[in-house]
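Participant: My questions all concern the structure below.
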Amino acid sequence: LRVVVDHLRGSGSVSKIGVWGRSMGAVTALLYQVEDITRLGPKNISVNAMVLDSPFADFCQLAEELVAKGRDRGVTIPSMVTRMALTMLANSVQSIAGFDIADLNTLHQVPKCILPAIFICAKRDD
């Protein structure tokens, strides 16, 4: 997201930028805003507004809910396997991308956000 925003800002032809993200894209937009505020300060942020379509609250919780939903549909995955998979994923993400998937928790980040934002989701958002 930063590369796109920097390109748009650098073009000189864009005065306002709005970001729309869905699911992980919505979480990315939220996390970008928090990082932007930290990096540039609240008066100099690079995005002006956001539309956040179905952001999840917590990545690990989402993964566990998806596994539970699978159980309801007859797919049995032991909890131990889910925990092992999340641990392996966390280790891979940490080594490749340099962050902890436990930090993908929007509930901890939303209070830091200052941009106008519309949060949307559907009924039965499966």
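Residues are named by chain letter and number: chains run A, B, ... in the order of the structure tokens, numbers start at 1 in each chain, and ligands are numbered from 1 in the order shown.
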Using DSSP on the backbone coordinates, identify the residues of chain A assigned to strand (DSSP E); present them as a PyMOL selection string.
Facilitator: chain A and resi 18-22+49-53+117-120
Participant: Within 12 Å of Leu66 (chain A), counting only C-alpha atoms, which residues qualify if same-chain residues fewer than 3 places away don't, as a list in words?
Facilitator: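 Within the cut-off, the hits are Phe56, Phe59, Cys60, Gln61, Leu62, Ala63, Lys69, Gly70, Arg71, Asp72, Arg73, Val75, Thr76, Ile77, Ser79, Thr82, Asp125 and Asp126 of chain A.
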Participant: From a backbone DSSP assignment, name each residue in region 5-106 of chain A labelled helix (DSSP H, G or I), as a PyMOL selection string.
Facilitator: chain A and resi 5-11+24-40+59-72+79-97+101-103+106
Participant: Within 12 Å of region 18-21 of chain A, counting only C-alpha atoms, which residues qualify if same-chain residues fewer than 2 places away don't, as a ChimeraX atom specification?
Facilitator: /A:1-2,4-5,8,14-16,23-33,45-56,115-121
Participant: Compile the contact shell of Ile101 (chain A) as a ChimeraX atom specification: residues with an atom at most 9 Å away, counting only C-alpha atoms, same-chain residues fewer than 6 positions apart removed.
Facilitator: /A:59-60,86,89-91,93-94
Participant: Within 8 Å of Val34 (chain A), counting only C-alpha atoms, which residues qualify if same-chain residues fewer than 5 places away don't, as a tab-separated table (two decimals) with all heavy atoms, in the first residue's frame?
Facilitator:
```tsv
chain	number	residue	atom	x	y	z
A	109	GLN	N	-5.59	-1.50	17.35
A	109	GLN	CA	-5.11	-0.42	16.49
A	109	GLN	C	-6.15	0.67	16.23
A	109	GLN	O	-5.78	1.83	16.04
A	109	GLN	CB	-4.64	-1.00	15.15
A	109	GLN	CG	-3.57	-2.07	15.27
A	109	GLN	CD	-2.33	-1.59	16.01
A	109	GLN	OE1	-1.94	-0.43	15.90
A	109	GLN	NE2	-1.71	-2.47	16.77
A	112	LYS	N	-6.08	4.21	17.69
A	112	LYS	CA	-5.00	5.09	17.24
A	112	LYS	C	-5.34	5.80	15.93
A	112	LYS	O	-4.64	6.71	15.52
A	112	LYS	CB	-3.72	4.28	17.04
A	112	LYS	CG	-3.25	3.57	18.29
A	112	LYS	CD	-2.08	2.64	17.97
A	112	LYS	CE	-1.75	1.76	19.14
A	112	LYS	NZ	-0.73	0.77	18.80
A	113	CYS	N	-6.40	5.36	15.27
A	113	CYS	CA	-6.76	5.89	13.95
A	113	CYS	C	-7.51	7.21	14.09
A	113	CYS	O	-8.30	7.40	15.00
A	113	CYS	CB	-7.62	4.87	13.19
A	113	CYS	SG	-6.73	3.34	12.83
```
Participant: Pick the closest to Asp6 (chain A) from A:Arg124, A:Asn105, A:Asp36, A:Ser92: which is it, counting only C-alpha atoms?
Facilitator: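 Counting only C-alpha atoms, the residue closest to Asp6 (chain A) is A:Asp36.
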